[in-house]
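For reference, run-v6.cif (mmCIF, C-alpha atoms):
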```cif
data_structure
#
loop_
_atom_site.label_atom_id
_atom_site.label_comp_id
_atom_site.auth_asym_id
_atom_site.auth_seq_id
_atom_site.Cartn_x
_atom_site.Cartn_y
_atom_site.Cartn_z
CA MET A 1 60.57 367.24 133.82
CA GLY A 2 56.87 366.42 134.10
CA LYS A 3 54.34 367.29 131.43
CA ARG A 4 53.35 370.95 131.33
CA GLU A 5 49.93 372.30 130.56
CA VAL A 6 49.79 375.18 128.08
CA TYR A 7 46.91 377.60 128.70
CA PHE A 8 45.66 379.97 126.01
CA ILE A 9 44.26 382.95 127.91
CA GLU A 10 41.25 384.76 126.50
CA ASP A 11 38.23 385.33 128.77
CA LEU A 12 40.20 386.01 131.94
CA PRO A 13 41.45 389.18 133.67
CA GLN A 14 44.69 390.46 132.16
CA ILE A 15 45.84 392.10 135.39
CA GLY A 16 46.83 390.42 138.64
CA THR A 17 49.39 387.74 137.88
CA ARG A 18 53.04 387.56 136.87
CA TYR A 19 52.29 384.74 134.44
CA TYR A 20 50.82 386.81 131.63
CA GLY A 21 48.96 390.00 130.78
CA ILE A 22 49.64 393.51 132.06
CA VAL A 23 51.88 394.74 134.87
CA ASP A 24 51.78 398.34 136.12
CA GLN A 25 54.36 399.76 138.52
CA GLY A 26 52.94 403.25 138.82
CA THR A 27 54.79 404.88 135.92
CA ASN A 28 54.17 405.72 132.27
CA ILE A 29 55.73 402.37 131.32
CA VAL A 30 53.20 399.53 131.07
CA GLU A 31 54.57 396.01 130.81
CA VAL A 32 52.85 393.52 128.52
CA ARG A 33 53.48 389.79 128.90
CA PRO A 34 52.11 387.80 125.95
CA THR A 35 53.74 384.44 126.72
CA SER A 36 55.74 382.57 129.35
CA LEU A 37 57.33 380.19 126.82
CA CYS A 38 61.09 380.39 126.33
CA PRO A 39 63.55 378.29 124.28
CA LEU A 40 66.50 378.99 126.61
CA ASN A 41 67.40 377.73 130.07
CA CYS A 42 69.57 380.61 131.29
CA ALA A 43 71.74 379.80 134.29
CA PHE A 44 70.65 382.95 136.15
CA CYS A 45 67.03 383.25 134.98
CA SER A 46 65.02 385.08 137.64
CA VAL A 47 61.79 383.30 136.65
CA ALA A 48 63.22 379.83 135.93
CA ALA A 49 62.01 379.79 132.33
CA GLY A 50 63.00 377.25 129.73
CA PRO A 51 62.47 373.72 128.45
CA TYR A 52 64.54 371.92 131.09
CA GLU A 53 63.07 373.50 134.22
CA GLY A 54 61.39 370.86 136.39
CA ARG A 55 59.70 373.30 138.76
CA ARG A 56 57.40 374.64 136.05
CA TRP A 57 54.23 372.68 135.32
CA ALA A 58 52.32 375.20 133.17
CA GLU A 59 52.89 377.84 130.49
CA PHE A 60 50.70 380.67 129.25
CA VAL A 61 49.96 382.28 125.89
CA VAL A 62 47.56 385.24 125.74
CA LYS A 63 45.10 385.70 122.90
CA ARG A 64 46.04 388.98 121.26
CA GLU A 65 42.53 390.47 121.17
CA ALA A 66 42.03 390.01 124.91
CA LEU A 67 45.38 391.59 125.69
CA ILE A 68 44.76 394.60 123.44
CA GLU A 69 41.27 395.24 124.82
CA SER A 70 42.57 395.44 128.37
CA LEU A 71 45.72 397.34 127.42
CA SER A 72 43.67 400.02 125.65
CA ARG A 73 41.82 400.74 128.88
CA VAL A 74 45.03 400.82 130.90
CA VAL A 75 46.71 403.27 128.50
CA LYS A 76 43.63 405.51 128.60
CA PHE A 77 43.76 405.43 132.41
CA LYS A 78 47.46 406.37 132.33
CA GLY A 79 46.74 409.48 130.30
CA GLY A 80 48.96 409.30 127.23
CA GLY A 81 52.70 409.43 126.62
CA VAL A 82 52.90 405.74 127.50
CA GLU A 83 55.69 403.30 126.71
CA VAL A 84 54.45 399.73 126.27
CA HIS A 85 57.24 397.29 127.08
CA ILE A 86 56.77 393.73 125.78
CA ASP A 87 58.45 391.39 128.21
CA GLY A 88 57.40 388.50 130.40
CA MET A 89 58.23 385.24 132.11
CA GLY A 90 59.45 383.94 128.75
CA GLU A 91 60.80 385.11 125.39
CA PRO A 92 58.44 387.52 123.60
CA ALA A 93 59.98 386.68 120.22
CA VAL A 94 58.34 383.23 120.25
CA TYR A 95 54.84 384.73 120.57
CA PRO A 96 53.08 383.64 117.36
CA GLU A 97 51.21 386.93 116.84
CA LEU A 98 54.07 389.28 117.70
CA VAL A 99 53.92 391.50 114.60
CA ASP A 100 50.13 391.83 114.85
CA LEU A 101 50.44 392.55 118.57
CA VAL A 102 52.86 395.43 117.91
CA GLN A 103 50.59 396.72 115.13
CA ASP A 104 47.59 396.72 117.46
CA ILE A 105 49.54 398.40 120.27
CA SER A 106 50.71 401.16 117.94
CA ALA A 107 47.08 401.91 117.08
CA ILE A 108 46.14 402.58 120.73
CA PRO A 109 45.75 406.33 121.37
CA GLY A 110 48.27 407.49 123.97
CA VAL A 111 51.02 404.98 123.16
CA LYS A 112 54.24 406.88 122.45
CA THR A 113 56.86 404.12 122.47
CA ILE A 114 56.81 400.35 122.01
CA SER A 115 59.83 398.41 123.29
CA MET A 116 60.61 394.71 123.65
CA GLN A 117 63.07 392.69 125.71
CA SER A 118 64.40 389.85 123.59
CA ARG A 119 67.32 387.58 122.79
CA LEU A 120 66.44 388.05 119.09
CA PHE A 121 68.22 384.93 117.82
CA THR A 122 64.99 383.09 116.91
CA LEU A 123 63.77 385.83 114.56
CA ARG A 124 64.32 386.38 110.83
CA GLU A 125 65.51 389.58 109.19
CA ARG A 126 62.16 390.04 107.48
CA THR A 127 60.39 389.74 110.83
CA LEU A 128 62.50 392.59 112.18
CA GLU A 129 61.45 394.70 109.22
CA GLU A 130 57.82 393.84 109.86
CA LEU A 131 58.13 394.69 113.54
CA ALA A 132 59.63 398.06 112.70
CA GLU A 133 56.90 398.73 110.13
CA ALA A 134 54.29 397.75 112.73
CA GLY A 135 55.65 400.34 115.18
CA LEU A 136 58.29 398.68 117.38
CA SER A 137 60.50 401.54 118.58
CA ARG A 138 63.26 399.68 120.40
CA VAL A 139 64.62 396.24 121.20
CA ASN A 140 66.38 395.75 124.52
CA LEU A 141 68.74 392.98 123.46
CA SER A 142 69.51 390.42 126.15
CA LEU A 143 73.12 389.51 125.38
CA ASP A 144 75.38 388.36 128.21
CA ALA A 145 78.58 387.33 126.42
CA MET A 146 80.42 387.84 123.15
CA ASN A 147 82.35 384.58 123.42
CA SER A 148 80.25 381.78 121.90
CA GLU A 149 81.14 379.16 124.50
CA VAL A 150 80.46 381.47 127.44
CA ALA A 151 77.20 382.63 125.83
CA ARG A 152 75.93 379.08 125.37
CA LYS A 153 76.91 378.17 128.93
CA LEU A 154 74.97 381.13 130.30
CA ALA A 155 72.01 380.38 128.02
CA GLY A 156 71.87 376.79 129.21
CA VAL A 157 71.43 375.31 125.70
CA ASP A 158 73.89 374.48 122.95
CA TYR A 159 71.73 375.89 120.13
CA TYR A 160 71.83 379.50 121.32
CA SER A 161 73.82 381.76 119.00
CA ALA A 162 75.14 385.07 120.30
CA GLU A 163 76.56 385.70 116.81
CA ARG A 164 73.09 385.42 115.31
CA ALA A 165 71.67 387.79 117.93
CA ARG A 166 74.35 390.40 117.17
CA SER A 167 73.86 390.00 113.44
CA LEU A 168 70.13 390.61 113.76
CA ALA A 169 70.70 393.65 115.97
CA GLU A 170 73.06 395.14 113.41
CA TYR A 171 70.62 394.35 110.61
CA ALA A 172 67.80 396.12 112.44
CA LEU A 173 69.95 399.21 112.97
CA ALA A 174 71.05 399.33 109.34
CA ASN A 175 67.74 398.52 107.66
CA THR A 176 64.94 399.83 109.88
CA ARG A 177 64.03 402.87 111.97
CA MET A 178 64.06 400.68 115.06
CA ASP A 179 66.65 401.31 117.77
CA VAL A 180 68.52 398.56 119.62
CA ILE A 181 70.18 398.77 123.01
CA VAL A 182 72.02 395.92 124.72
CA SER A 183 71.04 394.89 128.22
CA PRO A 184 73.41 392.27 129.65
CA VAL A 185 73.13 390.79 133.11
CA TRP A 186 76.45 390.97 134.93
CA VAL A 187 76.85 387.65 136.74
CA PRO A 188 79.98 388.03 138.90
CA GLY A 189 82.54 385.35 138.18
CA LEU A 190 80.82 384.14 135.00
CA ASN A 191 80.90 387.00 132.51
CA ASP A 192 83.10 389.70 134.06
CA ASP A 193 85.45 389.80 131.07
CA GLU A 194 82.56 389.69 128.61
CA ILE A 195 80.85 392.90 129.71
CA PRO A 196 83.56 395.29 128.41
CA GLU A 197 83.53 393.45 125.09
CA ILE A 198 79.75 393.82 124.85
CA ILE A 199 80.07 397.54 125.57
CA LYS A 200 82.74 397.96 122.87
CA TRP A 201 80.59 396.08 120.35
CA ALA A 202 77.53 398.20 121.17
CA SER A 203 79.54 401.37 120.64
CA SER A 204 81.16 400.27 117.37
CA ALA A 205 77.91 398.82 115.97
CA GLY A 206 76.00 402.05 116.55
CA LEU A 207 73.51 400.82 119.12
CA GLY A 208 71.50 403.46 120.93
CA LYS A 209 70.40 405.86 118.18
CA ARG A 210 67.81 407.43 120.49
CA TRP A 211 68.54 405.82 123.86
CA PRO A 212 71.71 404.84 125.76
CA PRO A 213 73.39 401.96 123.90
CA VAL A 214 74.08 399.86 127.02
CA LEU A 215 71.94 399.17 130.07
CA ILE A 216 73.74 396.76 132.40
CA GLN A 217 71.60 394.76 134.82
CA LYS A 218 72.71 393.59 138.24
CA TYR A 219 72.35 389.87 138.95
CA ILE A 220 69.85 389.47 141.78
CA PRO A 221 68.96 385.95 142.96
CA HIS A 222 65.24 385.22 143.25
CA LYS A 223 63.57 382.53 145.32
CA ARG A 224 61.89 380.98 142.27
CA GLY A 225 64.77 381.71 139.91
CA ARG A 226 68.06 379.95 139.16
CA SER A 227 71.21 380.68 141.11
CA PRO A 228 74.44 379.60 139.37
CA ARG A 229 76.67 377.55 141.61
CA GLY A 230 79.44 379.54 143.23
CA VAL A 231 78.10 382.95 142.20
CA LYS A 232 77.93 385.50 144.99
CA PRO A 233 75.79 388.56 144.22
CA VAL A 234 77.42 391.91 144.87
CA GLY A 235 75.91 394.91 146.66
CA TRP A 236 74.72 398.00 144.86
CA GLY A 237 77.80 399.99 145.89
CA HIS A 238 80.06 397.39 144.31
CA PHE A 239 77.86 397.32 141.21
CA TRP A 240 78.06 401.07 140.60
CA ARG A 241 81.82 401.10 141.22
CA LYS A 242 82.21 398.37 138.60
CA LEU A 243 80.15 400.35 136.10
CA ARG A 244 82.37 403.37 136.59
CA GLU A 245 85.42 401.15 136.06
CA TRP A 246 83.96 399.91 132.77
CA GLU A 247 83.16 403.50 131.81
CA ARG A 248 86.84 404.42 132.18
CA GLN A 249 87.86 401.30 130.29
CA THR A 250 85.51 401.74 127.31
CA GLY A 251 84.67 405.45 127.20
CA VAL A 252 80.93 404.64 127.17
CA LYS A 253 78.59 406.17 129.75
CA LEU A 254 76.92 403.47 131.87
CA ASP A 255 75.88 405.15 135.12
CA TRP A 256 72.69 407.14 134.44
CA ARG A 257 71.70 407.79 138.04
CA GLY A 258 70.24 411.27 138.45
CA GLU A 259 69.33 411.39 134.77
CA ASN A 260 66.29 410.05 132.96
CA PRO A 261 67.22 409.00 129.42
CA PHE A 262 64.21 406.69 129.10
CA GLY A 263 61.68 409.38 130.06
CA ILE A 264 60.17 407.48 132.99
CA GLU A 265 57.43 409.41 134.77
CA GLU A 266 55.41 408.61 137.85
CA ARG A 267 51.76 408.01 137.03
CA ALA A 268 48.80 407.02 139.17
CA PRO A 269 48.83 403.24 139.62
CA LEU A 270 45.85 401.16 138.59
CA PRO A 271 43.12 400.76 141.23
CA LYS A 272 43.75 398.02 143.77
CA PRO A 273 40.36 396.38 144.38
CA LEU A 274 41.90 393.52 146.40
CA ALA A 275 44.47 394.15 149.10
CA ALA A 276 46.73 391.97 151.26
CA GLY A 277 44.91 390.51 154.25
CA ARG A 278 41.55 390.28 152.53
CA ARG A 279 39.78 386.94 152.17
CA VAL A 280 38.13 386.25 148.85
CA LYS A 281 36.26 383.38 147.23
CA VAL A 282 38.24 382.19 144.21
CA ARG A 283 37.43 379.84 141.34
CA VAL A 284 40.36 377.74 140.16
CA ILE A 285 41.08 378.01 136.44
CA GLY A 286 44.08 375.71 136.22
CA ARG A 287 47.70 375.33 137.18
CA GLY A 288 50.07 378.19 137.87
CA ILE A 289 53.54 378.26 136.38
CA PHE A 290 55.25 376.62 139.36
CA ARG A 291 54.24 373.41 141.09
CA GLY A 292 51.91 374.08 143.99
CA GLU A 293 50.58 377.26 142.37
CA TYR A 294 47.20 377.66 140.68
CA LEU A 295 45.57 380.37 138.59
CA GLY A 296 42.24 381.62 139.85
CA VAL A 297 39.73 384.46 139.58
CA PRO A 298 37.39 385.97 142.20
CA VAL A 299 33.92 384.43 142.09
CA ASN A 300 32.17 387.81 142.17
CA THR A 301 33.67 390.08 139.50
CA SER A 302 32.75 393.58 138.46
CA GLY A 303 32.97 393.07 134.72
CA ASP A 304 35.34 396.04 134.50
CA PRO A 305 38.75 395.07 133.01
CA LEU A 306 40.40 397.77 135.12
CA LEU A 307 39.06 396.21 138.32
CA ASP A 308 38.90 392.48 137.62
CA ARG A 309 41.97 390.53 138.71
CA ALA A 310 43.60 387.17 138.21
CA ILE A 311 44.99 385.59 141.37
CA THR A 312 47.88 383.20 141.96
CA LEU A 313 46.85 380.61 144.53
CA LEU A 314 49.23 378.68 146.76
CA SER A 315 47.85 375.35 147.91
CA GLU A 316 49.34 372.24 149.47
CA ARG A 317 46.25 370.39 148.29
CA SER A 318 45.73 369.52 144.62
CA LEU A 319 43.05 371.75 143.09
CA GLU A 320 41.05 370.90 139.98
CA PRO A 321 39.70 373.51 137.53
CA GLY A 322 36.27 374.74 138.58
CA VAL A 323 36.79 374.18 142.30
CA GLU A 324 36.06 377.17 144.52
CA VAL A 325 38.21 378.02 147.52
CA LEU A 326 38.34 380.62 150.24
CA ALA A 327 41.74 382.28 150.05
CA ARG A 328 43.57 385.01 151.91
CA ILE A 329 45.59 387.47 149.86
CA ILE A 330 49.15 387.59 151.20
CA GLU A 331 50.80 389.88 148.59
CA ASP A 332 49.41 392.72 146.50
CA GLU A 333 52.44 394.72 145.32
CA ASN A 334 51.85 396.35 141.92
CA ASN A 335 48.47 394.59 141.74
CA ILE A 336 50.24 391.20 141.50
CA LEU A 337 48.02 389.12 143.77
CA LEU A 338 49.31 386.08 145.64
CA ALA A 339 46.83 384.25 147.85
CA ARG A 340 46.90 381.18 150.08
CA ALA A 341 44.01 378.73 149.88
CA GLU A 342 42.43 378.20 153.30
CA LEU A 343 39.19 376.33 152.64
CA VAL A 344 38.07 374.24 149.67
CA PHE A 345 34.34 374.16 148.91
CA LEU A 346 33.38 370.62 147.89
#
```

Give the structure from the file, written as structure tokens.
Amino acid sequence: MGKREVYFIEDLPQIGTRYYGIVDQGTNIVEVRPTSLCPLNCAFCSVAAGPYEGRRWAEFVVKREALIESLSRVVKFKGGGVEVHIDGMGEPAVYPELVDLVQDISAIPGVKTISMQSRLFTLRERTLEELAEAGLSRVNLSLDAMNSEVARKLAGVDYYSAERARSLAEYALANTRMDVIVSPVWVPGLNDDEIPEIIKWASSAGLGKRWPPVLIQKYIPHKRGRSPRGVKPVGWGHFWRKLREWERQTGVKLDWRGENPFGIEERAPLPKPLAAGRRVKVRVIGRGIFRGEYLGVPVNTSGDPLLDRAITLLSERSLEPGVEVLARIIEDENNILLARAELVFL
């Protein structure tokens, strides 16, 4: 693996890239991504995170104040009753200002719920208490196996401890007001027998005080993610049939289609100032997460955090920070902007 650059993001748009910042999918749930760093190298990781991934050549950590300033405007735009979900292209638990971040989010008018996706095992019991005191409502625990050997194999590192993750989840439930749900990824052929055991543990440990205790995710291969050898993804029909089979086996409800236990509501999406097909002059800030990608910003910005965007640039040519390029936007879904560099201004 080549040397990675680590960028600490402060005076840049917080919307527009998958790397960091804020992602809006047109609902009352706003995703916050404070870091792309991750200590694990999961075999099925959709974003190829982790210390052993050779395709990554940069990582990102957002300065808390910059993230909160932009998030406050987004929540105001959404109109209240917002869930802020801390997630990302890495492990949120390694973010150095996590407790302060949660505290600041809880102080934003209009925020109703704060949740976080995490593997938990890197945290301390006292940190969980502090997170709950700061306002964290729920942890979505990423746990894909009960068996230690299977769990380490899926995690891609020998220092991962599923036992530690479960212990912390149980501690949080017993000693804080915070809820915990478990959110395993079913990877056909790798953890089929583990899923029922996870469900039984979640039920016996009292997960899901306010929300469903188990939220099973379907393994979906991604172009930039990792695909375990020999694993064949199943269709959605097969997935739902398997969930109903596990429901019969464990007595725990898993199929929530037609219901809305997480209170998701459609909300107006953020404005889209840059659309696919448009050409825009972009200043290169530095590398993107994956080789051949760069982070950039439009040369002419509005100064409005709701309108300014970061842009991921694809370029076959090496680009240095400060260089300006003419780029054509090729993707704009959910305000995540991907552009291809066409002309470099020397």

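Ranking A:Val32, A:Ile285, A:Ala169, A:Val214 by their shortest atom-to-atom distance to Val84 of chain A, with all atoms listed in the file included, puts A:Val32 first.
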
So that I can check the surroundings of Met116 of chain A, please list as a compact mmCIF listing (two decimals) with C-alpha atoms, in the frame of the given file every protein, DNA and RNA residue that reaches within 8 Å of it, counting only C-alpha atoms and ignoring chain neighbours fewer than 5 positions away.
```txt
# COMPACT_ATOMS: atom_id res chain seq x y z
CA HIS A 85 57.24 397.29 127.08
CA ILE A 86 56.77 393.73 125.78
CA ASP A 87 58.45 391.39 128.21
CA PRO A 92 58.44 387.52 123.60
CA LEU A 136 58.29 398.68 117.38
CA ARG A 138 63.26 399.68 120.40
CA VAL A 139 64.62 396.24 121.20
CA ASN A 140 66.38 395.75 124.52
```

Straight-line distance linking atom CA of Gly235 of chain A with atom CA of Lys223 of chain A, stated in Å to one decimal
17.5 Å

For the point (74.2, 378.1, 140.2) in the file's frame, write as JSON, numbers by chain all residues with an atom no more than 12 Å away, counting only C-alpha atoms.
{"A": [42, 43, 44, 45, 46, 48, 153, 154, 156, 187, 188, 189, 190, 219, 221, 222, 225, 226, 227, 228, 229, 230, 231, 232, 233]}

What is the distance between atom CA of Pro109 of chain A and atom CA of Pro271 of chain A, in Å to one decimal?
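Atom CA of Pro109 of chain A sits 20.8 Å away from atom CA of Pro271 of chain A.
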
Identify, on the basis of only C-alpha atoms, every residue whose closest approach to segment 333-342 of chain A does not exceed 7 Å; exclude the query and any residue fewer than 6 positions from it along the same chain; express the result as a list of chain:residue names.
A:Gly16, A:Thr17, A:Arg18, A:Asp24, A:Gln25, A:Lys272, A:Ile311, A:Thr312, A:Leu313, A:Leu314, A:Ser315, A:Val325, A:Leu326, A:Ala327
